[in-house]
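Below is the file my_file_22.txt, which contains compact mmCIF, C-alpha atoms and all ligand atoms.
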# COMPACT_ATOMS: atom_id res chain seq x y z
CA MET A 1 23.12 101.59 118.32
CA LEU A 2 22.98 100.69 121.99
CA THR A 3 25.72 100.52 124.59
CA ILE A 4 25.34 97.43 126.76
CA GLY A 5 26.76 96.13 130.03
CA ILE A 6 26.67 92.54 131.26
CA ALA A 7 26.83 91.73 134.96
CA SER A 8 27.62 88.05 135.36
CA GLY A 9 29.14 85.63 137.82
CA ASP A 10 30.02 83.10 135.13
CA ALA A 11 32.72 84.03 132.58
CA ALA A 12 31.62 81.40 130.03
CA SER A 13 27.99 82.52 130.17
CA SER A 14 29.02 86.17 129.89
CA ALA A 15 31.14 85.35 126.81
CA GLN A 16 28.15 83.63 125.18
CA ILE A 17 26.00 86.71 125.76
CA VAL A 18 28.74 88.93 124.28
CA ALA A 19 28.86 86.71 121.18
CA ALA A 20 25.07 86.79 120.75
CA LEU A 21 25.02 90.58 121.16
CA GLU A 22 27.83 91.14 118.65
CA GLN A 23 26.06 88.90 116.14
CA THR A 24 22.95 91.09 116.16
CA GLY A 25 24.86 93.95 114.52
CA VAL A 26 22.97 96.61 116.51
CA VAL A 27 25.23 96.97 119.53
CA LYS A 28 27.79 99.76 119.73
CA SER A 29 29.85 98.64 122.71
CA ILE A 30 29.75 95.96 125.38
CA LYS A 31 31.15 96.13 128.89
CA GLU A 32 31.44 93.13 131.20
CA TRP A 33 31.27 93.20 135.01
CA ALA A 34 32.16 90.19 137.18
CA ILE A 35 29.76 89.72 140.09
CA PRO A 36 30.50 89.85 142.99
CA GLY A 37 33.08 92.54 143.43
CA ALA A 38 32.53 94.63 140.28
CA ARG A 39 33.04 98.35 140.69
CA ILE A 40 30.33 100.52 139.17
CA PRO A 41 31.55 103.76 137.56
CA ASP A 42 30.25 106.73 139.53
CA THR A 43 29.26 108.92 136.59
CA ALA A 44 26.19 108.39 134.45
CA ASP A 45 28.22 108.97 131.26
CA ALA A 46 30.28 105.87 131.92
CA LEU A 47 27.20 103.66 132.25
CA PRO A 48 25.53 101.92 129.28
CA ASP A 49 21.98 102.24 127.88
CA VAL A 50 21.14 98.67 128.86
CA VAL A 51 22.48 96.36 131.60
CA LEU A 52 21.90 92.62 131.32
CA LEU A 53 21.85 90.90 134.70
CA ASP A 54 22.98 87.33 134.02
CA LEU A 55 21.30 85.91 137.13
CA GLY A 56 23.32 83.40 139.10
CA ARG A 57 22.28 81.45 142.18
CA ASP A 58 22.26 84.57 144.32
CA ALA A 59 19.84 86.67 142.24
CA GLU A 60 19.60 89.26 144.97
CA SER A 61 23.17 90.51 144.53
CA PHE A 62 22.46 91.06 140.82
CA PHE A 63 19.32 93.05 141.55
CA ALA A 64 21.30 95.11 144.08
CA PHE A 65 23.91 95.77 141.38
CA GLY A 66 21.17 96.81 138.94
CA ALA A 67 19.53 99.10 141.46
CA GLN A 68 22.88 100.81 142.09
CA VAL A 69 23.34 101.36 138.35
CA ARG A 70 19.88 102.90 138.13
CA ARG A 71 20.61 105.24 141.04
CA ILE A 72 23.54 106.69 139.05
CA ARG A 73 21.88 106.55 135.62
CA PRO A 74 18.09 106.21 135.98
CA ALA A 75 17.64 105.94 132.17
CA THR A 76 19.55 102.63 132.02
CA ARG A 77 17.28 99.68 131.20
CA LEU A 78 17.73 96.55 133.29
CA ILE A 79 17.12 93.16 131.70
CA ALA A 80 17.36 89.94 133.69
CA VAL A 81 18.82 86.96 131.84
CA SER A 82 17.57 83.81 133.46
CA ALA A 83 17.65 80.07 132.91
CA VAL A 84 14.42 79.86 134.92
CA SER A 85 11.76 80.43 132.29
CA PRO A 86 9.11 81.52 132.94
CA PRO A 87 10.48 83.19 136.10
CA THR A 88 8.97 82.09 139.41
CA HIS A 89 6.57 84.40 141.24
CA GLN A 90 9.23 85.15 143.87
CA LEU A 91 11.90 85.94 141.25
CA LEU A 92 9.54 88.25 139.38
CA LEU A 93 8.72 90.12 142.55
CA GLU A 94 12.38 90.62 143.47
CA ALA A 95 13.17 91.68 139.90
CA MET A 96 10.40 94.26 139.87
CA ARG A 97 11.61 95.67 143.16
CA GLY A 98 15.12 95.92 141.68
CA GLY A 99 13.85 97.93 138.70
CA VAL A 100 14.18 95.11 136.11
CA GLN A 101 12.07 95.85 133.03
CA ASP A 102 12.27 92.58 131.18
CA PHE A 103 13.31 88.94 131.25
CA LEU A 104 15.42 87.22 128.62
CA PRO A 105 15.30 83.41 128.77
CA LYS A 106 18.58 81.49 128.64
CA PRO A 107 19.87 80.07 126.27
CA ILE A 108 19.29 83.29 124.40
CA GLY A 109 17.41 82.98 121.10
CA MET A 110 18.60 85.35 118.36
CA THR A 111 15.09 86.34 117.26
CA VAL A 112 13.99 87.23 120.80
CA LEU A 113 17.25 89.11 121.39
CA ARG A 114 16.96 91.10 118.15
CA GLU A 115 13.34 92.04 118.89
CA MET A 116 14.23 93.16 122.37
CA LEU A 117 17.19 95.24 121.20
CA SER A 118 15.25 96.96 118.44
CA ARG A 119 12.52 97.84 120.93
CA LEU A 120 15.10 99.15 123.40
CA THR A 121 16.85 101.13 120.63
CA GLU A 122 13.56 102.80 119.78
CA GLU A 123 12.69 103.52 123.41
CA SER A 124 16.13 104.91 124.25
CA GLY A 125 16.11 107.21 121.23
CA ALA A 126 19.52 105.80 120.21
CA GLU A 127 20.26 105.90 116.50
CA GLY A 128 19.60 102.80 114.41
CA ARG A 129 22.33 100.75 112.78
CA THR A 130 25.55 102.49 111.97
CA SER A 131 27.27 99.34 110.77
CA LEU A 132 25.45 99.96 107.47
CA ASP A 133 28.41 101.85 106.14
CA LYS A 134 30.86 98.98 106.51
CA LEU A 135 29.68 96.08 104.37
CA ILE A 136 30.58 95.97 100.69
CA VAL A 137 29.28 92.92 98.83
CA VAL A 138 31.04 91.93 95.61
CA MET A 139 29.12 89.60 93.31
CA GLY A 140 29.58 88.44 89.73
CA SER A 141 26.76 88.99 87.24
CA LYS A 142 27.70 85.43 86.28
CA GLY A 143 30.58 83.08 87.03
CA GLY A 144 34.14 83.88 86.01
CA VAL A 145 33.73 87.61 85.35
CA GLY A 146 36.31 88.64 87.96
CA ALA A 147 34.35 89.08 91.21
CA THR A 148 37.13 87.56 93.34
CA THR A 149 39.84 89.55 91.56
CA VAL A 150 37.89 92.75 92.26
CA ALA A 151 37.20 91.83 95.90
CA VAL A 152 40.84 90.92 96.61
CA ASN A 153 42.37 93.94 94.91
CA LEU A 154 39.89 96.36 96.42
CA GLY A 155 40.56 94.86 99.83
CA VAL A 156 44.29 95.29 99.38
CA GLN A 157 43.97 98.91 98.22
CA LEU A 158 41.55 99.76 101.03
CA SER A 159 44.04 98.33 103.48
CA VAL A 160 47.28 99.75 102.04
CA PHE A 161 46.25 102.94 100.31
CA ALA A 162 43.14 104.00 102.25
CA ARG A 163 44.59 102.60 105.51
CA LYS A 164 41.31 101.01 106.50
CA ARG A 165 41.11 98.02 108.79
CA ALA A 166 39.64 95.72 106.19
CA VAL A 167 38.49 92.10 106.23
CA LEU A 168 37.47 90.00 103.25
CA LEU A 169 34.91 87.25 103.86
CA ASP A 170 35.09 84.49 101.27
CA PHE A 171 31.51 83.24 100.95
CA ALA A 172 31.80 82.15 97.32
CA ARG A 173 30.28 78.81 96.32
CA PRO A 174 31.05 76.02 95.83
CA LEU A 175 34.68 76.79 96.72
CA GLY A 176 36.43 79.90 97.99
CA ASN A 177 39.67 80.84 96.29
CA VAL A 178 40.51 84.24 97.81
CA HIS A 179 43.42 82.65 99.69
CA LEU A 180 44.93 81.45 96.40
CA LEU A 181 44.96 84.95 94.95
CA LEU A 182 46.78 86.16 98.07
CA ASP A 183 49.06 83.14 98.45
CA LEU A 184 47.74 82.38 101.94
CA ARG A 185 47.47 79.07 103.75
CA PRO A 186 44.50 79.52 106.06
CA GLN A 187 44.00 77.23 109.03
CA PHE A 188 40.40 78.24 109.63
CA GLY A 189 37.54 79.57 107.59
CA VAL A 190 33.83 80.16 107.21
CA ARG A 191 33.01 76.60 108.32
CA ASP A 192 34.67 77.21 111.72
CA ALA A 193 32.80 80.49 112.15
CA VAL A 194 29.34 78.97 111.60
CA ASP A 195 30.19 75.87 113.65
CA ASN A 196 31.08 78.01 116.67
CA LEU A 197 28.32 80.59 116.69
CA GLU A 198 27.69 80.23 120.42
CA ARG A 199 31.12 81.70 121.13
CA LEU A 200 31.70 83.77 117.99
CA ASP A 201 32.52 87.23 119.34
CA GLY A 202 35.07 89.68 117.92
CA HIS A 203 37.93 87.97 119.74
CA PHE A 204 37.10 84.46 118.53
CA PHE A 205 36.48 85.79 115.01
CA ALA A 206 39.94 87.42 114.97
CA GLY A 207 41.45 84.01 115.69
CA LEU A 208 39.82 82.53 112.57
CA LEU A 209 41.30 85.12 110.21
CA THR A 210 44.42 84.82 108.08
CA PRO A 211 46.38 88.05 107.70
CA HIS A 212 47.97 89.09 104.41
CA THR A 213 51.20 91.12 104.41
CA THR A 214 49.16 94.16 103.37
CA LYS A 215 47.25 93.82 106.69
CA LEU A 216 44.10 92.81 104.81
CA GLN A 217 42.51 90.04 106.90
CA VAL A 218 40.79 87.10 105.25
CA LEU A 219 38.10 84.73 106.48
CA ALA A 220 38.85 81.85 104.14
CA GLY A 221 36.09 80.15 102.19
CA ALA A 222 35.00 76.58 101.72
CA THR A 223 37.69 74.11 100.70
CA GLN A 224 35.36 71.18 100.05
CA PRO A 225 32.49 71.60 97.57
CA GLU A 226 29.99 69.81 99.83
CA GLU A 227 30.62 72.15 102.79
CA TRP A 228 27.92 74.57 101.69
CA GLN A 229 25.25 71.89 101.91
CA THR A 230 25.16 72.44 105.65
CA ILE A 231 25.69 76.20 105.82
CA ALA A 232 22.55 78.32 105.78
CA VAL A 233 22.57 82.06 105.15
CA PRO A 234 21.21 83.30 108.56
CA PRO A 235 24.38 82.17 110.43
CA LEU A 236 26.45 83.99 107.80
CA GLU A 237 24.59 87.18 108.62
CA ARG A 238 25.70 86.78 112.24
CA VAL A 239 29.30 86.33 111.06
CA VAL A 240 29.00 89.51 108.97
CA ASN A 241 27.71 91.43 112.00
CA VAL A 242 30.61 90.31 114.18
CA ALA A 243 33.01 91.34 111.40
CA GLN A 244 31.37 94.76 111.22
CA ASN A 245 31.94 95.25 114.94
CA SER A 246 35.69 94.81 114.56
CA PHE A 247 36.59 96.36 111.18
CA ASP A 248 36.22 99.63 109.25
CA THR A 249 35.38 97.83 106.03
CA VAL A 250 33.97 94.35 105.49
CA LEU A 251 34.23 93.02 101.95
CA LEU A 252 32.21 89.95 101.06
CA ASP A 253 32.94 87.86 97.97
CA MET A 254 29.65 86.06 97.30
CA GLY A 255 30.61 84.83 93.83
CA ALA A 256 27.82 84.54 91.29
CA GLN A 257 25.27 82.89 93.61
CA PHE A 258 21.93 84.53 94.23
CA GLY A 259 18.91 83.69 96.35
CA THR A 260 16.11 85.27 98.34
CA ASP A 261 17.71 83.96 101.54
CA TRP A 262 20.48 86.53 101.01
CA ALA A 263 17.99 89.43 101.21
CA SER A 264 18.75 90.48 104.77
CA ILE A 265 22.52 90.60 104.19
CA LEU A 266 22.13 92.40 100.87
CA LYS A 267 19.70 94.93 102.32
CA THR A 268 22.12 95.91 105.08
CA ALA A 269 25.09 96.35 102.75
CA ARG A 270 26.37 99.85 102.19
CA MET A 271 27.25 98.92 98.64
CA ILE A 272 26.76 95.97 96.32
CA LEU A 273 29.31 95.87 93.53
CA ILE A 274 28.14 93.73 90.62
CA VAL A 275 31.03 92.76 88.41
CA ALA A 276 30.11 92.25 84.76
CA GLU A 277 31.81 92.10 81.39
CA ALA A 278 30.74 93.95 78.27
CA ASN A 279 29.41 90.91 76.44
CA VAL A 280 25.89 89.69 75.79
CA PRO A 281 25.67 86.78 78.29
CA SER A 282 27.14 88.86 81.11
CA LEU A 283 24.93 91.89 80.44
CA TRP A 284 21.84 89.74 80.06
CA THR A 285 22.39 88.25 83.53
CA LEU A 286 23.29 91.69 84.89
CA GLN A 287 19.94 93.13 83.86
CA ARG A 288 18.07 90.26 85.46
CA ARG A 289 20.13 90.51 88.61
CA LEU A 290 19.37 94.22 88.94
CA VAL A 291 15.65 93.52 88.72
CA ALA A 292 15.95 90.67 91.22
CA LEU A 293 17.88 92.83 93.70
CA THR A 294 15.17 95.49 93.58
CA GLY A 295 12.65 92.69 94.11
CA LEU A 296 14.49 91.66 97.28
CA GLY A 297 14.09 95.19 98.62
CA VAL A 298 17.65 96.43 97.99
CA GLU A 299 17.75 100.18 97.37
CA PRO A 300 18.90 100.66 93.74
CA GLU A 301 21.32 103.46 94.67
CA ARG A 302 23.33 101.02 96.78
CA VAL A 303 24.01 98.83 93.75
CA ARG A 304 27.07 99.75 91.65
CA ILE A 305 28.17 98.17 88.42
CA VAL A 306 31.82 97.44 87.73
CA LEU A 307 32.63 96.58 84.13
CA ASN A 308 35.67 94.33 84.14
CA ARG A 309 38.03 93.48 81.28
CA TRP A 310 37.10 96.68 79.56
CA HIS A 311 38.76 97.55 76.24
CA LYS A 312 39.95 101.05 75.50
CA GLY A 313 37.89 102.75 72.81
CA GLU A 314 34.60 101.01 73.60
CA GLU A 315 32.89 104.22 74.80
CA ASP A 316 29.92 103.72 72.48
CA VAL A 317 29.37 100.24 73.88
CA LEU A 318 29.47 101.74 77.36
CA LYS A 319 26.84 104.33 76.46
CA GLY A 320 24.65 101.55 75.07
CA ILE A 321 25.04 99.48 78.25
CA GLN A 322 24.14 102.42 80.48
CA LYS A 323 21.06 103.08 78.38
CA ASP A 324 20.00 99.42 78.52
CA ILE A 325 20.35 99.11 82.27
CA ASN A 326 19.11 102.64 82.79
CA ARG A 327 21.83 103.61 85.26
CA PRO A 328 25.45 104.72 85.19
CA VAL A 329 28.35 102.31 85.36
CA PHE A 330 30.36 102.92 88.54
CA ALA A 331 33.78 101.91 87.22
CA CYS A 332 35.50 100.25 84.31
CA ILE A 333 38.54 98.06 84.88
CA PRO A 334 40.88 97.68 81.92
CA ASN A 335 41.42 94.31 80.33
CA ASP A 336 44.97 93.23 81.05
CA PHE A 337 45.21 89.50 80.78
CA ARG A 338 48.99 89.38 81.31
CA LYS A 339 49.00 91.32 84.59
CA ALA A 340 45.73 89.86 85.90
CA SER A 341 46.76 86.32 85.21
CA ALA A 342 50.31 86.73 86.56
CA SER A 343 48.86 88.22 89.73
CA THR A 344 46.29 85.40 90.05
CA ASN A 345 48.82 82.64 89.49
CA LEU A 346 51.54 84.08 91.73
CA GLY A 347 49.10 85.01 94.49
CA THR A 348 50.31 88.60 94.50
CA PRO A 349 47.70 91.36 94.43
CA LEU A 350 47.98 94.18 91.91
CA LEU A 351 49.80 96.61 94.14
CA GLU A 352 53.11 97.37 92.61
CA ASN A 353 53.88 100.69 90.97
CA ALA A 354 50.38 102.06 90.52
CA GLN A 355 51.70 104.78 88.18
CA ASN A 356 52.71 102.25 85.55
CA ASN A 357 50.01 99.71 86.07
CA GLY A 358 46.55 100.56 84.77
CA LEU A 359 44.92 97.82 86.83
CA SER A 360 46.47 98.83 90.18
CA LEU A 361 45.69 102.45 89.49
CA ARG A 362 42.07 101.68 88.74
CA TYR A 363 41.67 99.68 91.92
CA ARG A 364 43.26 102.50 93.86
CA GLN A 365 40.82 104.99 92.37
CA ILE A 366 37.85 102.81 93.28
CA ALA A 367 39.19 102.27 96.81
CA ALA A 368 39.68 106.02 97.22
CA GLN A 369 36.14 106.66 96.02
CA ILE A 370 34.71 104.07 98.42
CA ALA A 371 36.77 105.39 101.33
CA GLY A 372 36.01 109.01 100.42
CA ILE A 373 39.67 110.02 100.20
CA ASP A 374 41.92 111.70 97.64
CA PRO A 375 43.14 109.10 95.10
CA GLY A 376 46.57 110.82 94.78
CA PRO A 377 48.16 112.59 91.81
CA ALA A 378 48.71 109.55 89.56
CA ALA A 379 45.21 108.26 90.12
CA LYS A 380 43.73 111.72 89.64
CA LYS A 381 45.24 111.84 86.18
CA GLY A 382 42.97 109.00 85.21
CA VAL A 383 39.92 110.47 86.91
CA LEU A 384 40.28 113.90 85.32
CA GLY A 385 39.41 112.61 81.88
CA GLY A 386 36.21 111.11 83.25
CA LEU A 387 35.42 108.10 85.38
CA PHE A 388 35.97 105.72 82.51
CA SER A 389 39.20 107.08 81.13
CA PHE A 390 42.40 105.11 81.24
CA PRO A 391 45.80 106.17 82.43
CA SER A 392 48.02 107.05 79.49
CA LYS A 393 50.78 104.58 80.40
CA ARG A 394 49.74 100.98 80.82
N1 LIG B 1 40.93 93.12 84.36
C1 LIG B 1 41.22 91.90 83.97
N2 LIG B 1 41.88 91.67 82.80
C2 LIG B 1 42.14 90.45 82.39
N3 LIG B 1 41.83 89.33 83.06
C3 LIG B 1 41.20 89.46 84.23
C4 LIG B 1 40.85 90.75 84.75
N4 LIG B 1 40.23 90.57 85.95
C5 LIG B 1 40.18 89.22 86.16
N5 LIG B 1 40.75 88.57 85.14
C6 LIG B 1 40.90 87.10 85.02
O1 LIG B 1 39.63 86.49 84.93
C7 LIG B 1 39.64 85.20 85.52
C8 LIG B 1 38.48 85.01 86.46
O2 LIG B 1 38.64 85.87 87.58
P1 LIG B 1 37.99 85.59 89.00
O3 LIG B 1 38.41 84.28 89.52
O4 LIG B 1 38.26 86.79 89.83
O5 LIG B 1 36.45 85.54 88.59
P2 LIG B 1 35.19 85.19 89.51
O6 LIG B 1 34.05 86.00 89.02
O7 LIG B 1 35.55 85.31 90.92
O8 LIG B 1 34.99 83.65 89.12
P3 LIG B 1 34.09 82.54 89.90
O9 LIG B 1 32.71 82.70 89.37
O10 LIG B 1 34.74 81.25 89.49
O11 LIG B 1 34.21 82.82 91.36
C9 LIG B 1 41.01 85.04 86.19
O12 LIG B 1 41.83 84.28 85.39
C10 LIG B 1 41.53 86.48 86.26
O13 LIG B 1 42.94 86.54 86.20
MG MG B 2 35.40 83.92 92.48
Would you mind giving the structure from this file in structure tokens?
Amino acid sequence: MLTIGIASGDAASSAQIVAALEQTGVVKSIKEWAIPGARIPDTADALPDVVLLDLGRDAESFFAFGAQVRRIRPATRLIAVSAVSPPTHQLLLEAMRGGVQDFLPKPIGMTVLREMLSRLTEESGAEGRTSLDKLIVVMGSKGGVGATTVAVNLGVQLSVFARKRAVLLDFARPLGNVHLLLDLRPQFGVRDAVDNLERLDGHFFAGLLTPHTTKLQVLAGATQPEEWQTIAVPPLERVVNVAQNSFDTVLLDMGAQFGTDWASILKTARMILIVAEANVPSLWTLQRRLVALTGLGVEPERVRIVLNRWHKGEEDVLKGIQKDINRPVFACIPNDFRKASASTNLGTPLLENAQNNGLSLRYRQIAAQIAGIDPGPAAKKGVLGGLFSFPSKR
């Protein structure tokens, strides 16, 4: 991941570049300098891998700024961002003299920007993406199996128990109902994020979120069924990248939908949790989904199966399922219609008294496993008897 600086004389233009950079998902940090008058740090350590010179009318002062940066940190790459495309002969000459290695035409195209950044990442020897470990996609093997319940309760446990800064993106179709399960009244949602891509940086994104009392943040989903007709997947990937810049964990409820256009998001996810139930229609779709995910290029070890509404004493069924799908089941969540439905209808996540509530405890165990932390004594009790055992009190 690269560190980047932007030298600009125009705050609005600089903000647009920040947004575009954050949406690529390959930038570690961004620093902005206002030209003229910006002070350059005098140690190489404080200077970024790449400096974008957002050329204003007086291009010379930008080249002078760039040259000064390169004197302190010769390894820094200078890129000129220019509305004059292709650059005039005179501009090219001045840029070359100032040590500029490349030109980026304005307005900045995402494909060109991504290509340039991946080339620069390779050249600079910086590590590739590290945001890979932040995105957790939750999908249902089919509709109604509990994907949203899992996403919401995991999000809450990651936030409260694992103390992670967590955000839940509600990308379920046709409607998003995460806010209902958390009793939230969102003002903004996914529609606003994709409609404002040109200024969607971490700051703008934060303004679109609705916080829950547990500190879990929610980007609300679609509230009108026809909204998805005009939302393509590539802009969603940019939203996911911005979210990954600002949070420790990004949960994504994608419902039961599936399509090849989701490949790039799915391939970058640290984990894909497929929620299924132990019945024939759900397992039939699960098997097909697993094959399809592999077909999209998703590494099988990133895919985890969560069996929801599991009944105690069905261990033989579990063994059969694992044999059929030829992989282990990651977690089983007990069937508890009363608690699950009360929680859904009241908009209160399953948080209370984990010791006495098999569902809360299970979600806490999964959150601990995902976060790589100790699940605590009560949760350990359940784990000791095996991943699929149930707490004695329910
Ligand atoms: N462990 C559980 N025990 C009993 N009922 C549950 C459990 N988990 C979820 N449910 C119930 O199952 C129903 C469907 O849950 P949910 O809305 O999360 O499914 P979904 O997969 O997101 O559905 P959709 O495809 O409509 O998005 C809800 O009524 C919920 O309360
Ligand atoms: Mg749902």
Neighbouring residues of A:Gly207 were defined as those with any atom within 12 Å, considering only C-alpha atoms; residues of the same chain fewer than 3 positions away were excluded. Please report them as a ChimeraX atom specification. /A:186-189,192-193,199-204,210-211,217-219,243
Would you list the contacts of A:Pro86 as a ChimeraX atom specification, taking every protein, DNA or RNA residue within 9 Å and counting only C-alpha atoms, but skipping same-chain residues closer than 4 positions in sequence? /A:82,103,105
Return as a Markdown table the residues of chain A lying at most 8 Å from ligand MG 2 (chain B), together with the closest atom-to-atom pair for each and the distance in Å to one decimal, counting all atoms listed in the file, with rows in chain order and ascending residue number.
| residue | atom | partner | partner_atom | distance |
| --- | --- | --- | --- | --- |
| A:Gly140 | CA | B:MG2 | MG | 7.9 |
| A:Gly143 | CA | B:MG2 | MG | 7.3 |
| A:Gly144 | CA | B:MG2 | MG | 6.6 |
| A:Gly146 | CA | B:MG2 | MG | 6.6 |
| A:Ala147 | CA | B:MG2 | MG | 5.4 |
| A:Thr148 | CA | B:MG2 | MG | 4.1 |
| A:Thr149 | CA | B:MG2 | MG | 7.2 |
| A:Ala172 | CA | B:MG2 | MG | 6.3 |
| A:Gly176 | CA | B:MG2 | MG | 6.9 |
| A:Asn177 | CA | B:MG2 | MG | 6.5 |
| A:Val178 | CA | B:MG2 | MG | 7.4 |
| A:Asp253 | CA | B:MG2 | MG | 7.2 |
| A:Met254 | CA | B:MG2 | MG | 7.8 |
| A:Gly255 | CA | B:MG2 | MG | 5.1 |
| A:Ala256 | CA | B:MG2 | MG | 7.7 |
Contacts of chain A with ligand LIG 1 (chain B) up to 10 Å, shortest pair per row, only C-alpha atoms and all ligand atoms, as a Markdown table:
| residue | atom | partner | partner_atom | distance |
| --- | --- | --- | --- | --- |
| A:Val138 | CA | B:LIG1 | O7 | 9.3 |
| A:Met139 | CA | B:LIG1 | O6 | 7.5 |
| A:Gly140 | CA | B:LIG1 | O6 | 5.1 |
| A:Ser141 | CA | B:LIG1 | O6 | 8.1 |
| A:Lys142 | CA | B:LIG1 | O9 | 6.5 |
| A:Gly143 | CA | B:LIG1 | O9 | 3.2 |
| A:Gly144 | CA | B:LIG1 | O8 | 3.2 |
| A:Val145 | CA | B:LIG1 | O6 | 4.0 |
| A:Gly146 | CA | B:LIG1 | O5 | 3.2 |
| A:Ala147 | CA | B:LIG1 | O6 | 3.8 |
| A:Thr148 | CA | B:LIG1 | O7 | 3.7 |
| A:Thr149 | CA | B:LIG1 | O4 | 3.6 |
| A:Val150 | CA | B:LIG1 | O4 | 6.4 |
| A:Ala151 | CA | B:LIG1 | O4 | 8.0 |
| A:Val152 | CA | B:LIG1 | O4 | 8.3 |
| A:Asn153 | CA | B:LIG1 | O4 | 9.7 |
| A:Phe171 | CA | B:LIG1 | O11 | 10.0 |
| A:Ala172 | CA | B:LIG1 | O11 | 6.5 |
| A:Arg173 | CA | B:LIG1 | O11 | 7.5 |
| A:Pro174 | CA | B:LIG1 | O11 | 8.7 |
| A:Leu175 | CA | B:LIG1 | O11 | 8.1 |
| A:Gly176 | CA | B:LIG1 | O11 | 7.6 |
| A:Asn177 | CA | B:LIG1 | O11 | 7.6 |
| A:Val178 | CA | B:LIG1 | O3 | 8.6 |
| A:Leu180 | CA | B:LIG1 | O3 | 9.9 |
| A:Leu181 | CA | B:LIG1 | O3 | 8.5 |
| A:Asp253 | CA | B:LIG1 | O7 | 7.9 |
| A:Met254 | CA | B:LIG1 | O11 | 8.2 |
| A:Gly255 | CA | B:LIG1 | O11 | 4.8 |
| A:Ala256 | CA | B:LIG1 | O9 | 5.6 |
| A:Gln257 | CA | B:LIG1 | O9 | 8.6 |
| A:Ile274 | CA | B:LIG1 | O6 | 9.9 |
| A:Val275 | CA | B:LIG1 | O6 | 7.4 |
| A:Ala276 | CA | B:LIG1 | O6 | 8.5 |
| A:Glu277 | CA | B:LIG1 | N1 | 9.6 |
| A:Leu307 | CA | B:LIG1 | N1 | 9.0 |
| A:Asn308 | CA | B:LIG1 | N1 | 5.4 |
| A:Arg309 | CA | B:LIG1 | N1 | 4.2 |
| A:Trp310 | CA | B:LIG1 | N1 | 7.1 |
| A:His311 | CA | B:LIG1 | N2 | 9.3 |
| A:Cys332 | CA | B:LIG1 | N1 | 9.0 |
| A:Ile333 | CA | B:LIG1 | N1 | 5.5 |
| A:Pro334 | CA | B:LIG1 | N1 | 5.2 |
| A:Asn335 | CA | B:LIG1 | N2 | 3.6 |
| A:Asp336 | CA | B:LIG1 | N2 | 3.9 |
| A:Phe337 | CA | B:LIG1 | C2 | 3.6 |
| A:Arg338 | CA | B:LIG1 | C2 | 7.0 |
| A:Lys339 | CA | B:LIG1 | C2 | 7.3 |
| A:Ala340 | CA | B:LIG1 | O13 | 4.3 |
| A:Ser341 | CA | B:LIG1 | O13 | 4.0 |
| A:Ala342 | CA | B:LIG1 | O13 | 7.4 |
| A:Ser343 | CA | B:LIG1 | O13 | 7.1 |
| A:Thr344 | CA | B:LIG1 | O13 | 5.2 |
| A:Asn345 | CA | B:LIG1 | O13 | 7.8 |
| A:Gly358 | CA | B:LIG1 | N1 | 9.3 |
| A:Leu359 | CA | B:LIG1 | N1 | 6.6 |
| A:Ser360 | CA | B:LIG1 | N1 | 9.9 |
| A:Arg362 | CA | B:LIG1 | N1 | 9.7 |
Can you tell me, as a JSON list (two decimals) with C-alpha atoms, in the frame of the given file, what residues are no more than 12 Å from A:Glu32 when counting all atoms listed in the file, ignoring any on the same chain fewer than 2 positions away?
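Contents of around-v1.json, as written:
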[["chain", "number", "residue", "atom", "x", "y", "z"],
["A", 3, "THR", "CA", 25.72, 100.52, 124.59],
["A", 4, "ILE", "CA", 25.34, 97.43, 126.76],
["A", 5, "GLY", "CA", 26.76, 96.13, 130.03],
["A", 6, "ILE", "CA", 26.67, 92.54, 131.26],
["A", 7, "ALA", "CA", 26.83, 91.73, 134.96],
["A", 8, "SER", "CA", 27.62, 88.05, 135.36],
["A", 9, "GLY", "CA", 29.14, 85.63, 137.82],
["A", 10, "ASP", "CA", 30.02, 83.10, 135.13],
["A", 11, "ALA", "CA", 32.72, 84.03, 132.58],
["A", 12, "ALA", "CA", 31.62, 81.40, 130.03],
["A", 13, "SER", "CA", 27.99, 82.52, 130.17],
["A", 14, "SER", "CA", 29.02, 86.17, 129.89],
["A", 15, "ALA", "CA", 31.14, 85.35, 126.81],
["A", 16, "GLN", "CA", 28.15, 83.63, 125.18],
["A", 17, "ILE", "CA", 26.00, 86.71, 125.76],
["A", 18, "VAL", "CA", 28.74, 88.93, 124.28],
["A", 29, "SER", "CA", 29.85, 98.64, 122.71],
["A", 30, "ILE", "CA", 29.75, 95.96, 125.38],
["A", 34, "ALA", "CA", 32.16, 90.19, 137.18],
["A", 35, "ILE", "CA", 29.76, 89.72, 140.09],
["A", 38, "ALA", "CA", 32.53, 94.63, 140.28],
["A", 39, "ARG", "CA", 33.04, 98.35, 140.69],
["A", 40, "ILE", "CA", 30.33, 100.52, 139.17],
["A", 47, "LEU", "CA", 27.20, 103.66, 132.25],
["A", 48, "PRO", "CA", 25.53, 101.92, 129.28],
["A", 50, "VAL", "CA", 21.14, 98.67, 128.86],
["A", 51, "VAL", "CA", 22.48, 96.36, 131.60],
["A", 52, "LEU", "CA", 21.90, 92.62, 131.32],
["A", 53, "LEU", "CA", 21.85, 90.90, 134.70],
["A", 54, "ASP", "CA", 22.98, 87.33, 134.02]]
If I put a ball of radius 6 Å at (21.0, 83.5, 105.1) in the file's coordinates, which residues poke into it when counting only C-alpha atoms, written as a ChimeraX atom specification? /A:232-234,261-262
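For the set A:Val242, A:Leu78, A:Met271, A:Ile373, the residue with the smallest atom-to-atom gap to A:Arg97 is A:Leu78, counting only C-alpha atoms.
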Set the distance at 12 Å and use all atoms listed in the file: which residues neighbour A:Thr294 once local chain neighbours fewer than 4 positions away are removed? I'd like the list as a list in words. Thr260, Ala263, Leu266, Lys267, Ile272, Gln287, Arg288, Arg289, Leu290, Val298, Glu299, Pro300, Glu301, Arg302 and Val303 of chain A
